[in-house]
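Chemist: Supplied in structure tokens, the structure appears directly below.
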Amino acid sequence: MEQQRKRVLIVTNLPTPYKIDFYKELGKYCDLTIVIEARRLATQKFNWNDDNIDTFKLIYLDEGFLNERKVNFKILRYLKRSYDYIIIAAYYMPTELLAIFFLKTLRIPYWFESDGGMINRGESELHRRFKNFVVSGAKGYISPSAGSDEYLSYYKANPFKIYRYPFTSLLARDILQTPLTKQEKHVLRAQLSIKEGKVVLAVGQFIPRKGFDILMQAAARMDKSIGFYIVGGIPTEEYLQMQKSLDLENVHFEGFKTKEQLAEYFKAADLFVLPTREDIWGLVINEAMAYALPVITTKKCVAGIELIQDKHCLVDVEDVDGLRVAMERILNNEDLAKRLAVENLEKISDYTIERMAEAHVKILGL
């Protein structure tokens, strides 16, 4: 007689593409229901690809835009149903906070899933006590890193109930088998109209947290034959003025790219840099490693701390010269660059959506 599949409910805020891929994979192992607050952000010009879903049930509390300040009481009707496991993700959102309060009040067991976290030791006592209330009391905690384990424990999670999973946005097929050759990179650069001899890539929105101003200041102190390509958003006037005042003709703002277009930039680059002032994870680090790139980031990027083995590739926040030295160390040493590329590719091979689903199956006993 076939064993009945466990019923699992996951509550989260948005259907980002990697989450949908993960739910498709996890749904192969259980009777999975996903409740999502809203379909998209108001700033998005597109819907996430949530077509062709056949392994799980998808419910939107709101078919429109996500209101990050709104408490959607519709969530309560789903928490009353009988599930073997209830998992709360995006626990910092008002609707998820309501769900946690409701589950605690009715003493309904639930799991707490984290995709990263950093302890704020400068916060107020009131804020810390509130986080203690939110984090404590779950049946179990699903954590992506040692730093996240520490974060959860600091805010009163039971350290003996914390379980690790490989957090990623990558399917196994997204990871290169071997690094690209020089010739392959040159072909791609010609197709992208890249003329510089060496290429540094950065990806993200033009917001202060990403630290692209620090990268541009470092670029101003480096050889002009190095091309810096910042992909993923529209530069604000501040960045345009900095580009002009520092005479950075070798710094290029490439705007938003599709996943397929962005892949070409990853493959064409020699080095990836994320000079973030803080990232509770930073999935773009996973992606750069999957394209066999050496990666430099800061000591405030959880993905970098967890995944990067050469600690010379982790620099202090706001350290322009430290970033410059780290970049020149790799760009001027071909053997080092090759070694880091291979190390990163080997490390990230375990960080796939398939492995992420398998870890959840093992943790939950599905």
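Labels for the structure tokens follow display order: chains A, B, ..., residues from 1 in each chain, ligands from 1.
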Near Pro294 in chain A, within 8 Å and counting only C-alpha atoms, which residues show up once chain neighbours fewer than 3 positions away are dropped, as a list of chain:residue names?
Modeler: A:Asp270, A:Leu271, A:Phe272, A:Ala288, A:Met289, A:Ile330, A:Ala337, A:Lys338, A:Leu340, A:Ala341, A:Asn344
Chemist: Identify all residues of range 90-333 of chain A in strand (DSSP E or B) (DSSP on the backbone) and supply them as a PDB file with N, CA, C and O atoms, in the first residue's frame.
Modeler:
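Writing done, so here's result_4.pdb:
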ATOM      1  N   TRP A 111       7.157  25.610  11.493  1.00  0.00           N
ATOM      2  CA  TRP A 111       8.600  25.721  11.255  1.00  0.00           C
ATOM      3  C   TRP A 111       8.913  27.128  10.772  1.00  0.00           C
ATOM      4  O   TRP A 111       8.053  27.815  10.211  1.00  0.00           O
ATOM      5  N   PHE A 112      10.138  27.524  10.974  1.00  0.00           N
ATOM      6  CA  PHE A 112      10.599  28.875  10.672  1.00  0.00           C
ATOM      7  C   PHE A 112      11.738  28.745   9.667  1.00  0.00           C
ATOM      8  O   PHE A 112      12.750  28.112   9.959  1.00  0.00           O
ATOM      9  N   GLU A 113      11.556  29.306   8.465  1.00  0.00           N
ATOM     10  CA  GLU A 113      12.615  29.189   7.446  1.00  0.00           C
ATOM     11  C   GLU A 113      13.282  30.535   7.214  1.00  0.00           C
ATOM     12  O   GLU A 113      12.625  31.538   6.998  1.00  0.00           O
ATOM     13  N   GLY A 140      10.936  23.918  14.592  1.00  0.00           N
ATOM     14  CA  GLY A 140      12.248  23.742  13.994  1.00  0.00           C
ATOM     15  C   GLY A 140      12.601  24.939  13.139  1.00  0.00           C
ATOM     16  O   GLY A 140      11.730  25.735  12.766  1.00  0.00           O
ATOM     17  N   TYR A 141      13.899  25.059  12.819  1.00  0.00           N
ATOM     18  CA  TYR A 141      14.402  26.202  12.052  1.00  0.00           C
ATOM     19  C   TYR A 141      15.239  25.683  10.887  1.00  0.00           C
ATOM     20  O   TYR A 141      16.103  24.814  11.071  1.00  0.00           O
ATOM     21  N   ILE A 142      14.969  26.204   9.710  1.00  0.00           N
ATOM     22  CA  ILE A 142      15.685  25.793   8.499  1.00  0.00           C
ATOM     23  C   ILE A 142      16.563  26.964   8.085  1.00  0.00           C
ATOM     24  O   ILE A 142      16.064  28.025   7.720  1.00  0.00           O
ATOM     25  N   SER A 143      17.884  26.781   8.165  1.00  0.00           N
ATOM     26  CA  SER A 143      18.851  27.872   8.068  1.00  0.00           C
ATOM     27  C   SER A 143      19.869  27.620   6.963  1.00  0.00           C
ATOM     28  O   SER A 143      20.287  26.482   6.757  1.00  0.00           O
ATOM     29  N   ILE A 162      17.924  23.754  14.965  1.00  0.00           N
ATOM     30  CA  ILE A 162      18.305  24.459  13.747  1.00  0.00           C
ATOM     31  C   ILE A 162      18.915  23.460  12.769  1.00  0.00           C
ATOM     32  O   ILE A 162      19.845  22.724  13.120  1.00  0.00           O
ATOM     33  N   TYR A 163      18.416  23.442  11.546  1.00  0.00           N
ATOM     34  CA  TYR A 163      18.857  22.495  10.514  1.00  0.00           C
ATOM     35  C   TYR A 163      19.309  23.280   9.289  1.00  0.00           C
ATOM     36  O   TYR A 163      18.698  24.282   8.922  1.00  0.00           O
ATOM     37  N   ARG A 164      20.330  22.790   8.651  1.00  0.00           N
ATOM     38  CA  ARG A 164      20.964  23.523   7.548  1.00  0.00           C
ATOM     39  C   ARG A 164      20.470  23.041   6.181  1.00  0.00           C
ATOM     40  O   ARG A 164      20.255  21.850   5.980  1.00  0.00           O
ATOM     41  N   LYS A 198      40.340  43.399 -19.875  1.00  0.00           N
ATOM     42  CA  LYS A 198      39.879  42.672 -18.693  1.00  0.00           C
ATOM     43  C   LYS A 198      38.524  43.235 -18.269  1.00  0.00           C
ATOM     44  O   LYS A 198      38.264  44.431 -18.424  1.00  0.00           O
ATOM     45  N   VAL A 199      37.682  42.353 -17.698  1.00  0.00           N
ATOM     46  CA  VAL A 199      36.292  42.742 -17.422  1.00  0.00           C
ATOM     47  C   VAL A 199      35.913  42.384 -15.994  1.00  0.00           C
ATOM     48  O   VAL A 199      36.036  41.228 -15.565  1.00  0.00           O
ATOM     49  N   VAL A 200      35.415  43.391 -15.262  1.00  0.00           N
ATOM     50  CA  VAL A 200      34.860  43.215 -13.923  1.00  0.00           C
ATOM     51  C   VAL A 200      33.353  43.413 -14.024  1.00  0.00           C
ATOM     52  O   VAL A 200      32.886  44.414 -14.571  1.00  0.00           O
ATOM     53  N   LEU A 201      32.604  42.481 -13.489  1.00  0.00           N
ATOM     54  CA  LEU A 201      31.144  42.527 -13.551  1.00  0.00           C
ATOM     55  C   LEU A 201      30.553  42.757 -12.167  1.00  0.00           C
ATOM     56  O   LEU A 201      31.022  42.189 -11.178  1.00  0.00           O
ATOM     57  N   ALA A 202      29.506  43.588 -12.101  1.00  0.00           N
ATOM     58  CA  ALA A 202      28.703  43.752 -10.894  1.00  0.00           C
ATOM     59  C   ALA A 202      27.239  43.722 -11.332  1.00  0.00           C
ATOM     60  O   ALA A 202      26.899  44.182 -12.426  1.00  0.00           O
ATOM     61  N   VAL A 203      26.381  43.175 -10.480  1.00  0.00           N
ATOM     62  CA  VAL A 203      24.967  43.019 -10.831  1.00  0.00           C
ATOM     63  C   VAL A 203      24.104  43.464  -9.656  1.00  0.00           C
ATOM     64  O   VAL A 203      24.340  43.059  -8.518  1.00  0.00           O
ATOM     65  N   ILE A 226      40.847  48.235 -17.880  1.00  0.00           N
ATOM     66  CA  ILE A 226      39.899  47.311 -17.234  1.00  0.00           C
ATOM     67  C   ILE A 226      38.496  47.871 -17.398  1.00  0.00           C
ATOM     68  O   ILE A 226      38.223  49.018 -17.059  1.00  0.00           O
ATOM     69  N   GLY A 227      37.597  47.055 -17.929  1.00  0.00           N
ATOM     70  CA  GLY A 227      36.206  47.481 -18.093  1.00  0.00           C
ATOM     71  C   GLY A 227      35.364  47.048 -16.902  1.00  0.00           C
ATOM     72  O   GLY A 227      35.462  45.906 -16.444  1.00  0.00           O
ATOM     73  N   PHE A 228      34.551  47.979 -16.384  1.00  0.00           N
ATOM     74  CA  PHE A 228      33.647  47.682 -15.265  1.00  0.00           C
ATOM     75  C   PHE A 228      32.215  47.764 -15.788  1.00  0.00           C
ATOM     76  O   PHE A 228      31.787  48.824 -16.270  1.00  0.00           O
ATOM     77  N   TYR A 229      31.492  46.672 -15.696  1.00  0.00           N
ATOM     78  CA  TYR A 229      30.131  46.583 -16.236  1.00  0.00           C
ATOM     79  C   TYR A 229      29.157  46.335 -15.083  1.00  0.00           C
ATOM     80  O   TYR A 229      29.220  45.306 -14.409  1.00  0.00           O
ATOM     81  N   ILE A 230      28.272  47.313 -14.857  1.00  0.00           N
ATOM     82  CA  ILE A 230      27.263  47.210 -13.800  1.00  0.00           C
ATOM     83  C   ILE A 230      25.922  46.958 -14.473  1.00  0.00           C
ATOM     84  O   ILE A 230      25.404  47.803 -15.203  1.00  0.00           O
ATOM     85  N   VAL A 231      25.369  45.791 -14.214  1.00  0.00           N
ATOM     86  CA  VAL A 231      24.172  45.325 -14.918  1.00  0.00           C
ATOM     87  C   VAL A 231      23.012  45.191 -13.935  1.00  0.00           C
ATOM     88  O   VAL A 231      23.192  44.703 -12.822  1.00  0.00           O
ATOM     89  N   VAL A 251      33.680  52.589 -17.127  1.00  0.00           N
ATOM     90  CA  VAL A 251      32.583  52.084 -16.308  1.00  0.00           C
ATOM     91  C   VAL A 251      31.308  52.188 -17.113  1.00  0.00           C
ATOM     92  O   VAL A 251      30.936  53.272 -17.579  1.00  0.00           O
ATOM     93  N   HIS A 252      30.621  51.056 -17.295  1.00  0.00           N
ATOM     94  CA  HIS A 252      29.452  50.994 -18.174  1.00  0.00           C
ATOM     95  C   HIS A 252      28.218  50.553 -17.390  1.00  0.00           C
ATOM     96  O   HIS A 252      28.263  49.583 -16.640  1.00  0.00           O
ATOM     97  N   PHE A 253      27.117  51.270 -17.584  1.00  0.00           N
ATOM     98  CA  PHE A 253      25.839  50.923 -16.964  1.00  0.00           C
ATOM     99  C   PHE A 253      24.989  50.216 -18.009  1.00  0.00           C
ATOM    100  O   PHE A 253      24.594  50.819 -19.018  1.00  0.00           O
ATOM    101  N   GLU A 254      24.701  48.952 -17.797  1.00  0.00           N
ATOM    102  CA  GLU A 254      24.082  48.134 -18.830  1.00  0.00           C
ATOM    103  C   GLU A 254      22.573  47.926 -18.674  1.00  0.00           C
ATOM    104  O   GLU A 254      21.954  47.313 -19.536  1.00  0.00           O
ATOM    105  N   GLY A 255      21.976  48.392 -17.606  1.00  0.00           N
ATOM    106  CA  GLY A 255      20.524  48.279 -17.471  1.00  0.00           C
ATOM    107  C   GLY A 255      20.049  46.861 -17.203  1.00  0.00           C
ATOM    108  O   GLY A 255      20.839  45.927 -17.037  1.00  0.00           O
ATOM    109  N   LEU A 271      36.021  38.667 -13.510  1.00  0.00           N
ATOM    110  CA  LEU A 271      35.893  38.795 -12.061  1.00  0.00           C
ATOM    111  C   LEU A 271      34.507  39.353 -11.740  1.00  0.00           C
ATOM    112  O   LEU A 271      34.001  40.222 -12.463  1.00  0.00           O
ATOM    113  N   PHE A 272      33.918  38.872 -10.660  1.00  0.00           N
ATOM    114  CA  PHE A 272      32.635  39.405 -10.194  1.00  0.00           C
ATOM    115  C   PHE A 272      32.837  40.097  -8.852  1.00  0.00           C
ATOM    116  O   PHE A 272      33.533  39.571  -7.977  1.00  0.00           O
ATOM    117  N   VAL A 273      32.192  41.268  -8.692  1.00  0.00           N
ATOM    118  CA  VAL A 273      32.334  42.039  -7.463  1.00  0.00           C
ATOM    119  C   VAL A 273      30.969  42.482  -6.956  1.00  0.00           C
ATOM    120  O   VAL A 273      30.158  43.032  -7.716  1.00  0.00           O
ATOM    121  N   LEU A 274      30.707  42.246  -5.672  1.00  0.00           N
ATOM    122  CA  LEU A 274      29.522  42.770  -4.990  1.00  0.00           C
ATOM    123  C   LEU A 274      29.997  43.523  -3.747  1.00  0.00           C
ATOM    124  O   LEU A 274      30.211  42.925  -2.692  1.00  0.00           O
ATOM    125  N   ASP A 279      24.139  42.418   2.975  1.00  0.00           N
ATOM    126  CA  ASP A 279      23.222  41.499   2.303  1.00  0.00           C
ATOM    127  C   ASP A 279      23.030  40.300   3.215  1.00  0.00           C
ATOM    128  O   ASP A 279      24.006  39.629   3.571  1.00  0.00           O
ATOM    129  N   VAL A 295      35.235  35.676  -7.180  1.00  0.00           N
ATOM    130  CA  VAL A 295      34.246  36.587  -6.605  1.00  0.00           C
ATOM    131  C   VAL A 295      34.863  37.359  -5.449  1.00  0.00           C
ATOM    132  O   VAL A 295      35.527  36.779  -4.587  1.00  0.00           O
ATOM    133  N   ILE A 296      34.611  38.666  -5.445  1.00  0.00           N
ATOM    134  CA  ILE A 296      34.991  39.521  -4.321  1.00  0.00           C
ATOM    135  C   ILE A 296      33.724  40.159  -3.770  1.00  0.00           C
ATOM    136  O   ILE A 296      32.895  40.679  -4.533  1.00  0.00           O
ATOM    137  N   THR A 297      33.568  40.120  -2.462  1.00  0.00           N
ATOM    138  CA  THR A 297      32.461  40.810  -1.819  1.00  0.00           C
ATOM    139  C   THR A 297      32.937  41.310  -0.465  1.00  0.00           C
ATOM    140  O   THR A 297      34.144  41.293  -0.176  1.00  0.00           O
ATOM    141  N   THR A 298      32.013  41.762   0.374  1.00  0.00           N
ATOM    142  CA  THR A 298      32.401  42.337   1.656  1.00  0.00           C
ATOM    143  C   THR A 298      32.125  41.375   2.808  1.00  0.00           C
ATOM    144  O   THR A 298      31.450  40.357   2.644  1.00  0.00           O
ATOM    145  N   CYS A 301      28.353  40.364   3.649  1.00  0.00           N
ATOM    146  CA  CYS A 301      27.559  39.574   2.705  1.00  0.00           C
ATOM    147  C   CYS A 301      27.556  38.130   3.194  1.00  0.00           C
ATOM    148  O   CYS A 301      28.592  37.462   3.179  1.00  0.00           O
ATOM    149  N   LEU A 314      37.208  38.682   0.721  1.00  0.00           N
ATOM    150  CA  LEU A 314      36.222  39.375   1.548  1.00  0.00           C
ATOM    151  C   LEU A 314      36.863  40.640   2.089  1.00  0.00           C
ATOM    152  O   LEU A 314      37.866  40.576   2.821  1.00  0.00           O
ATOM    153  N   VAL A 315      36.323  41.789   1.735  1.00  0.00           N
ATOM    154  CA  VAL A 315      36.914  43.073   2.122  1.00  0.00           C
ATOM    155  C   VAL A 315      35.985  43.798   3.091  1.00  0.00           C
ATOM    156  O   VAL A 315      34.795  43.483   3.196  1.00  0.00           O
TER     157      VAL A 315
END
Chemist: Quick one: residues within 10 Å of Glu238 in chain A, only C-alpha atoms, excluding same-chain residues fewer than 3 positions away - as an mmCIF file with N, CA, C and O atoms, in the first residue's frame?
Modeler:
data_model
loop_
_atom_site.group_PDB
_atom_site.id
_atom_site.type_symbol
_atom_site.label_atom_id
_atom_site.label_comp_id
_atom_site.auth_asym_id
_atom_site.auth_seq_id
_atom_site.Cartn_x
_atom_site.Cartn_y
_atom_site.Cartn_z
ATOM 1 N N PHE A 206 20.660 50.080 -8.461
ATOM 2 C CA PHE A 206 21.444 51.241 -8.051
ATOM 3 C C PHE A 206 20.854 51.829 -6.777
ATOM 4 O O PHE A 206 20.189 52.861 -6.774
ATOM 5 N N ASP A 213 28.965 52.763 -5.588
ATOM 6 C CA ASP A 213 29.782 53.971 -5.488
ATOM 7 C C ASP A 213 31.201 53.632 -5.037
ATOM 8 O O ASP A 213 32.178 54.232 -5.511
ATOM 9 N N PRO A 235 20.856 53.737 -13.668
ATOM 10 C CA PRO A 235 21.640 54.533 -12.725
ATOM 11 C C PRO A 235 20.942 55.844 -12.371
ATOM 12 O O PRO A 235 20.351 56.490 -13.232
ATOM 13 N N GLN A 241 26.684 61.345 -12.294
ATOM 14 C CA GLN A 241 27.587 62.451 -11.971
ATOM 15 C C GLN A 241 28.940 61.922 -11.503
ATOM 16 O O GLN A 241 29.991 62.492 -11.838
ATOM 17 N N MET A 242 28.942 60.844 -10.740
ATOM 18 C CA MET A 242 30.196 60.245 -10.291
ATOM 19 C C MET A 242 30.992 59.719 -11.480
ATOM 20 O O MET A 242 32.220 59.900 -11.556
ATOM 21 N N GLN A 243 30.304 59.085 -12.410
ATOM 22 C CA GLN A 243 30.961 58.583 -13.614
ATOM 23 C C GLN A 243 31.644 59.732 -14.368
ATOM 24 O O GLN A 243 32.781 59.591 -14.837
#
Chemist: Between A:Val35, A:Met356, A:Leu366, A:Val8, which one has atoms that come closest to Phe167 in chain A, using only C-alpha atoms?
Modeler: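 Among A:Val35, A:Met356, A:Leu366, A:Val8, it is A:Met356 that comes nearest to Phe167 in chain A.
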Chemist: Excluding same-chain residues fewer than 5 positions from Ile87 in chain A, what lies within 12 Å of it counting only C-alpha atoms, as a PDB file with C-alpha atoms, in the first residue's frame?
Modeler:
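Final file, around-v2.pdb:
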ATOM      1  CA  ARG A   7       0.769  17.736   3.673  1.00  0.00           C
ATOM      2  CA  VAL A   8       3.023  20.815   3.742  1.00  0.00           C
ATOM      3  CA  LEU A   9       2.043  24.500   3.775  1.00  0.00           C
ATOM      4  CA  ILE A  10       4.579  27.263   3.066  1.00  0.00           C
ATOM      5  CA  VAL A  11       3.656  30.920   3.593  1.00  0.00           C
ATOM      6  CA  THR A  12       5.762  33.589   1.856  1.00  0.00           C
ATOM      7  CA  LEU A  32       2.523  20.939  -1.132  1.00  0.00           C
ATOM      8  CA  THR A  33       0.477  24.139  -0.835  1.00  0.00           C
ATOM      9  CA  ILE A  34       2.099  27.557  -1.230  1.00  0.00           C
ATOM     10  CA  VAL A  35       0.286  30.659   0.028  1.00  0.00           C
ATOM     11  CA  LEU A  79      -3.667  28.300   8.911  1.00  0.00           C
ATOM     12  CA  GLU A  96       3.682  36.557   8.159  1.00  0.00           C
ATOM     13  CA  ALA A  99       0.531  34.188  10.995  1.00  0.00           C
ATOM     14  CA  ILE A 100       3.237  33.576  13.603  1.00  0.00           C
ATOM     15  CA  LEU A 103      -0.002  29.971  15.379  1.00  0.00           C
ATOM     16  CA  ILE A 108      -0.252  25.105  16.303  1.00  0.00           C
ATOM     17  CA  PRO A 109       3.253  23.721  15.556  1.00  0.00           C
ATOM     18  CA  TYR A 110       5.119  25.508  12.767  1.00  0.00           C
ATOM     19  CA  TRP A 111       8.600  25.721  11.255  1.00  0.00           C
ATOM     20  CA  PHE A 112      10.599  28.875  10.672  1.00  0.00           C
ATOM     21  CA  GLU A 113      12.615  29.189   7.446  1.00  0.00           C
ATOM     22  CA  SER A 114      15.411  31.734   7.066  1.00  0.00           C
ATOM     23  CA  ALA A 138       9.069  27.271  16.385  1.00  0.00           C
ATOM     24  CA  LYS A 139       9.167  23.484  16.177  1.00  0.00           C
ATOM     25  CA  GLY A 140      12.248  23.742  13.994  1.00  0.00           C
ATOM     26  CA  TYR A 141      14.402  26.202  12.052  1.00  0.00           C
ATOM     27  CA  ILE A 142      15.685  25.793   8.499  1.00  0.00           C
ATOM     28  CA  HIS A 360      14.011  19.882   3.146  1.00  0.00           C
ATOM     29  CA  LEU A 364      11.114  17.316   7.638  1.00  0.00           C
TER      30      LEU A 364
END
